[in-house]
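Next comes entry_14.cif, a file with mmCIF, C-alpha atoms and all ligand atoms.
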```
data_query
loop_
_atom_site.label_atom_id
_atom_site.label_comp_id
_atom_site.auth_asym_id
_atom_site.auth_seq_id
_atom_site.Cartn_x
_atom_site.Cartn_y
_atom_site.Cartn_z
CA MET W 202 0.00 0.00 0.00
CA LYS W 203 2.75 2.37 1.02
CA PHE W 204 4.78 1.31 -1.98
CA TYR W 205 1.81 1.82 -4.26
CA SER W 206 1.18 5.37 -3.06
CA LYS W 207 4.86 6.20 -3.47
CA PHE W 208 4.68 4.80 -6.96
CA LYS W 209 1.61 6.87 -7.68
CA THR W 210 3.32 10.02 -6.48
CA ALA W 211 6.36 9.28 -8.60
CA THR W 212 4.20 8.74 -11.69
CA ALA W 213 2.30 11.92 -10.96
CA VAL W 214 5.56 13.87 -10.69
CA VAL W 215 6.89 12.36 -13.89
CA GLY W 216 3.53 13.04 -15.50
CA ILE W 217 3.53 16.67 -14.46
CA SER W 218 7.11 17.29 -15.55
CA MET W 219 6.35 15.65 -18.88
CA LEU W 220 3.37 17.92 -19.30
CA MET W 221 5.59 20.87 -18.50
CA VAL W 222 8.12 19.82 -21.11
CA MET W 223 5.33 19.34 -23.63
CA GLY W 224 3.93 22.74 -22.65
CA GLN W 225 7.29 24.37 -23.25
CA GLN W 226 7.57 22.71 -26.63
CA ALA W 227 4.10 23.88 -27.55
CA THR W 228 5.00 27.44 -26.57
CA ALA W 229 8.25 27.32 -28.51
CA MET W 230 6.34 26.05 -31.53
CA ASP W 231 3.64 28.72 -31.23
CA ASP W 232 6.34 31.35 -30.96
CA ALA W 233 8.15 30.00 -34.03
CA ASP W 234 4.85 29.93 -35.93
CA ALA W 235 4.14 33.55 -35.04
CA ILE W 236 7.66 34.61 -36.01
CA VAL W 237 7.47 32.83 -39.36
CA LYS W 238 4.04 34.32 -40.12
CA GLU W 239 5.22 37.80 -39.23
CA ARG W 240 8.33 37.40 -41.36
CA GLN W 241 6.23 36.34 -44.32
CA VAL W 242 4.07 39.44 -43.89
CA VAL W 243 7.25 41.55 -43.96
CA MET W 244 8.36 39.84 -47.18
CA ASP W 245 4.91 40.05 -48.77
CA ASN W 246 4.87 43.74 -47.99
CA ILE W 247 8.20 44.14 -49.80
CA LYS W 248 6.79 42.30 -52.80
CA ASN W 249 3.58 44.36 -52.83
CA THR W 250 5.30 47.73 -52.46
CA VAL W 251 7.91 47.00 -55.14
CA GLY W 252 5.11 45.72 -57.38
CA ALA W 253 3.14 48.93 -56.92
CA LEU W 254 6.25 51.00 -57.57
CA SER W 255 7.06 49.09 -60.71
CA LYS W 256 3.48 49.54 -61.92
CA ALA W 257 3.59 53.28 -61.21
CA VAL W 258 6.83 53.69 -63.16
CA LYS W 259 5.64 51.54 -66.06
CA SER W 260 2.31 53.33 -66.39
CA GLY W 261 3.98 56.75 -66.33
CA ALA W 262 2.29 57.86 -63.09
CA SER W 263 2.91 61.38 -61.75
CA SER W 264 6.20 62.01 -59.98
CA ASP W 265 4.28 62.44 -56.70
CA GLU W 266 2.70 59.01 -57.09
CA ILE W 267 6.04 57.45 -57.97
CA LEU W 268 7.65 59.12 -54.95
CA ALA W 269 4.89 57.86 -52.64
CA ALA W 270 5.37 54.33 -53.97
CA ALA W 271 9.15 54.58 -53.58
CA ASP W 272 8.70 55.82 -49.99
CA ALA W 273 6.50 52.80 -49.24
CA PHE W 274 9.04 50.40 -50.73
CA LEU W 275 11.86 51.99 -48.75
CA ALA W 276 9.83 51.70 -45.54
CA ALA W 277 9.07 48.04 -46.29
CA THR W 278 12.76 47.22 -46.75
CA ALA W 279 13.92 49.01 -43.56
CA SER W 280 16.79 46.80 -42.44
CA SER W 281 15.86 47.22 -38.76
CA VAL W 282 12.53 45.58 -39.56
CA THR W 283 13.79 42.93 -41.97
CA ILE W 284 16.72 41.91 -39.75
CA ALA W 285 14.39 41.60 -36.74
CA ALA W 286 12.05 39.43 -38.81
CA PHE W 287 14.78 36.85 -39.39
CA GLU W 288 16.86 37.19 -36.23
CA THR W 289 15.26 34.24 -34.46
CA ASN W 290 16.33 30.88 -35.80
CA THR W 291 13.06 29.07 -36.49
CA HIS W 292 14.63 26.33 -38.58
CA GLY W 293 12.76 23.09 -37.89
CA LYS W 294 10.76 24.71 -35.08
CA SER W 295 7.67 25.89 -36.86
CA THR W 296 4.51 24.12 -37.93
CA VAL W 297 3.78 26.94 -40.36
CA LYS W 298 5.36 26.13 -43.70
CA THR W 299 8.49 28.21 -44.07
CA THR W 300 10.80 28.33 -47.07
CA ALA W 301 13.70 29.82 -45.08
CA THR W 302 16.62 27.39 -45.03
CA GLU W 303 19.12 26.70 -42.23
CA LYS W 304 21.63 28.72 -44.29
CA VAL W 305 19.90 31.93 -43.23
CA TRP W 306 21.32 31.47 -39.73
CA SER W 307 24.51 29.52 -40.46
CA ASP W 308 25.50 32.26 -42.93
CA TRP W 309 23.95 35.08 -40.91
CA ASP W 310 26.48 37.89 -41.61
CA ARG W 311 26.11 37.53 -45.37
CA PHE W 312 22.35 37.23 -45.06
CA GLU W 313 22.15 40.35 -42.92
CA GLN W 314 24.35 42.18 -45.45
CA ALA W 315 21.91 41.29 -48.23
CA LEU W 316 19.08 42.86 -46.22
CA VAL W 317 21.15 46.02 -45.71
CA ASP W 318 22.06 46.06 -49.43
CA MET W 319 18.38 45.77 -50.34
CA GLU W 320 17.55 48.77 -48.13
CA ASN W 321 20.43 50.75 -49.66
CA GLY W 322 19.13 49.90 -53.12
CA ALA W 323 15.68 51.09 -52.07
CA LYS W 324 17.26 54.31 -50.76
CA GLU W 325 18.88 55.00 -54.15
CA ILE W 326 15.56 54.34 -55.85
CA GLN W 327 13.76 56.65 -53.43
CA MET W 328 16.34 59.39 -54.05
CA ALA W 329 15.87 59.08 -57.80
CA ALA W 330 12.11 59.29 -57.26
CA ALA W 331 12.52 62.37 -55.06
CA GLY W 332 14.64 63.97 -57.78
CA GLY W 333 12.00 63.12 -60.38
CA THR W 334 14.39 60.93 -62.38
CA LEU W 335 12.89 57.51 -61.67
CA ASN W 336 11.25 56.74 -64.97
CA SER W 337 12.31 53.25 -65.96
CA GLU W 338 11.67 49.88 -64.37
CA ASP W 339 15.32 49.04 -65.07
CA GLN W 340 16.28 51.45 -62.30
CA LEU W 341 14.66 49.10 -59.78
CA GLY W 342 17.37 46.57 -60.57
CA VAL W 343 19.62 47.62 -57.67
CA ALA W 344 17.14 46.39 -55.08
CA LEU W 345 15.64 43.56 -57.12
CA LYS W 346 19.09 42.03 -57.56
CA GLU W 347 19.07 41.26 -53.83
CA CYS W 348 15.75 39.37 -54.06
CA GLY W 349 17.33 37.06 -56.60
CA PHE W 350 20.51 36.74 -54.59
CA CYS W 351 18.66 35.46 -51.52
CA HIS W 352 15.89 33.59 -53.24
CA ARG W 353 18.08 31.83 -55.78
CA SER W 354 21.89 32.10 -55.79
CA ALA W 355 22.59 32.09 -52.04
CA GLY W 356 20.13 29.33 -51.18
CA TYR W 357 18.44 31.10 -48.28
CA ARG W 358 15.10 29.94 -49.56
CA SER W 359 13.97 26.46 -50.53
CA ARG W 360 11.54 25.96 -53.36
C1 LIG C 1 18.39 38.67 -47.28
C2 LIG C 1 17.66 37.73 -48.11
C3 LIG C 1 16.38 38.14 -48.79
C4 LIG C 1 16.17 39.26 -49.56
C5 LIG C 1 17.14 40.37 -49.89
C6 LIG C 1 14.83 39.14 -50.06
N1 LIG C 1 14.22 38.01 -49.56
FE1 LIG C 1 12.28 37.47 -49.84
N2 LIG C 1 12.54 35.88 -48.61
C7 LIG C 1 13.72 35.51 -48.02
C8 LIG C 1 13.52 34.30 -47.23
C9 LIG C 1 14.57 33.54 -46.42
C10 LIG C 1 12.14 33.97 -47.35
C11 LIG C 1 11.40 32.81 -46.68
C12 LIG C 1 10.66 33.30 -45.43
C13 LIG C 1 9.93 32.19 -44.71
O1 LIG C 1 9.09 31.50 -45.35
O2 LIG C 1 10.17 32.00 -43.51
C14 LIG C 1 11.56 34.98 -48.24
C15 LIG C 1 10.23 35.01 -48.63
C16 LIG C 1 9.69 35.87 -49.55
C17 LIG C 1 8.31 35.84 -50.02
C18 LIG C 1 7.25 34.83 -49.60
C19 LIG C 1 6.56 35.28 -48.32
C20 LIG C 1 5.45 34.30 -47.90
O3 LIG C 1 4.30 34.74 -47.71
O4 LIG C 1 5.74 33.10 -47.76
C21 LIG C 1 8.17 36.86 -50.94
C22 LIG C 1 6.91 37.23 -51.71
C23 LIG C 1 9.45 37.54 -51.02
N3 LIG C 1 10.35 36.92 -50.15
C24 LIG C 1 9.70 38.64 -51.84
C25 LIG C 1 10.91 39.33 -51.89
C26 LIG C 1 11.20 40.44 -52.78
C27 LIG C 1 10.25 41.01 -53.81
C28 LIG C 1 12.46 40.85 -52.51
C29 LIG C 1 13.28 41.96 -53.12
C30 LIG C 1 12.71 43.27 -53.30
C31 LIG C 1 13.00 39.96 -51.45
N4 LIG C 1 12.03 39.06 -51.12
C32 LIG C 1 14.24 40.07 -50.91
C33 LIG C 1 14.94 36.16 -48.14
C34 LIG C 1 15.15 37.36 -48.79
#
```

For the file at hand, write its structure as structure tokens.
Ligand code: HEC
Amino acid sequence: MKFYSKFKTATAVVGISMLMVMGQQATAMDDADAIVKERQVVMDNIKNTVGALSKAVKSGASSDEILAAADAFLAATASSVTIAAFETNTHGKSTVKTTATEKVWSDWDRFEQALVDMENGAKEIQMAAAGGTLNSEDQLGVALKECGFCHRSAGYRSR
């Protein structure tokens, strides 16, 4: 009887600590899911703003409209925001489908540099827009080059 109650207590303790471990894992997973989702919103926003800018330039919109679109693209690429979106290593920790590869974090300095380069490209574009000289889609190449670098050449994204 005594032995049985001891046994029961031990199982209960093991049970509780297992629940705690499972709880921690669930929290870590929820966190990773939220981080991945947020990061994808950041990236989608970059895609949408550069798409709008490209459309404005192509359709010969007014210089004010082009400038507004360039401002929005620059804001979307802000390296403080983009770096924060990727800072946490979520590799293998999220249930939300992510296309970010382990290389993002194992090659972090280069990855971070690409985010800074993209913002600098967006700055040049915004300056051209402010000066009224952004009139060809080709001029978006500076920033768009970085999309291709990360998405294709560097292997930061799986497809
Ligand atoms: C520093 C590297 C880097 C740069 C620069 C970069 N991306 Fe990404 N992008 C990524 C990674 C990594 C992902 C995968 C994110 C994930 O699923 O967790 C991604 C995801 C995306 C997605 C999919 C988001 C979703 O909803 O799943 C879009 C769209 C996108 N990027 C557009 C762009 C465009 C447009 C540019 C250039 C103007 C760009 N990216 C520049 C690394 C980069």

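Taking all atoms listed in the file into account, W:Ala257 lies nearest to W:Leu335 out of the set W:Phe287, W:Ala315, W:Leu335, W:Ala301.
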
Considering all atoms listed in the file, state which residue in the set W:Ile236, W:Arg353, W:Ser359, W:Ser337 is at the smallest distance from W:Thr296.
->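 Distance minimum relative to W:Thr296 lands on W:Ile236.
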
Between W:Ala331, W:Val258, W:Ala233, W:Met244, which one has atoms that come closest to ligand LIG 1 (chain C), using only C-alpha atoms and all ligand atoms?
->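 Checking each candidate against ligand LIG 1 (chain C), we get W:Met244 as the closest.
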
Sorted per-residue table, chain W near ligand LIG 1 (chain C), closest atoms and distance, 7 Å, all atoms listed in the file, as a tab-separated table:
```
residue	atom	partner	partner_atom	distance
W:Val237	CA	C:LIG1	O2	5.0
W:Arg240	CA	C:LIG1	O2	6.1
W:Gln241	CA	C:LIG1	C19	4.2
W:Val242	CA	C:LIG1	O3	6.1
W:Met244	CA	C:LIG1	C23	4.6
W:Asp245	CA	C:LIG1	C22	4.5
W:Ile247	CA	C:LIG1	C27	5.5
W:Lys248	CA	C:LIG1	C27	3.8
W:Val251	CA	C:LIG1	C30	6.4
W:Lys298	CA	C:LIG1	O1	6.7
W:Thr299	CA	C:LIG1	O1	3.6
W:Thr300	CA	C:LIG1	O1	4.0
W:Ala301	CA	C:LIG1	C9	4.0
W:Thr302	CA	C:LIG1	C9	6.6
W:Val305	CA	C:LIG1	C9	6.4
W:Phe312	CA	C:LIG1	C1	4.8
W:Glu313	CA	C:LIG1	C1	6.0
W:Ala315	CA	C:LIG1	C1	4.5
W:Leu316	CA	C:LIG1	C1	4.4
W:Met319	CA	C:LIG1	C5	5.6
W:Ala344	CA	C:LIG1	C30	5.7
W:Leu345	CA	C:LIG1	C30	4.8
W:Glu347	CA	C:LIG1	C5	4.5
W:Cys348	CA	C:LIG1	C32	3.6
W:Phe350	CA	C:LIG1	C5	6.8
W:Cys351	CA	C:LIG1	C2	4.2
W:His352	CA	C:LIG1	C33	5.8
W:Tyr357	CA	C:LIG1	C9	4.9
W:Arg358	CA	C:LIG1	C9	4.8
```

Hey, can you check how far atom CA of W:Lys346 sits from atom CA of W:Glu325?
->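 Atom-to-atom, atom CA of W:Lys346 to atom CA of W:Glu325, that is 13.4 Å.
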
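From atom CA of W:Gly261 back to atom CA of W:Gly349, the distance works out to 25.7 Å.
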
Which one of W:Lys238, W:Lys259, W:Lys324, W:Lys304 sits closest to W:Ala276 if you count all atoms listed in the file?
->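 Result for the nearest residue to W:Ala276: W:Lys324.
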
Using all atoms listed in the file, pick whichever of W:Ser354, W:Ser295, W:Asn290, W:Thr278 has the shortest atom-to-atom distance to W:Ala323.
->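 Ranking W:Ser354, W:Ser295, W:Asn290, W:Thr278 by distance to W:Ala323, first place goes to W:Thr278.
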
Just need the box for stretch 227-237 of chain W, edges along x, y and z, holding every atom the file lists for it with 3 Å tacked onto each side, so centre and edge lengths in Å to one decimal, as AutoDock Vina command-line options.
```
--center_x 5.9 --center_y 29.2 --center_z -33.0 --size_x 10.6 --size_y 16.7 --size_z 18.8
```

Minimum-distance residue to W:Gly322, chosen among W:Thr283, W:Ser307, W:Leu275, W:Val297 (using all atoms listed in the file) |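 Ranking W:Thr283, W:Ser307, W:Leu275, W:Val297 by distance to W:Gly322, first place goes to W:Leu275.
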
Nearby residues (all atoms listed in the file) at most 12 Å from W:Thr334, same-chain spacing under 3 positions excluded, as a PyMOL selection string = chain W and resi 258+261+263-265+267-268+325-331+337-338+340

Would you work out the distance separating atom CA of W:Asn336 from atom CA of W:Ala253, expressed in Å to one decimal?
->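 Value for the atom CA of W:Asn336-atom CA of W:Ala253 distance: 13.8 Å.
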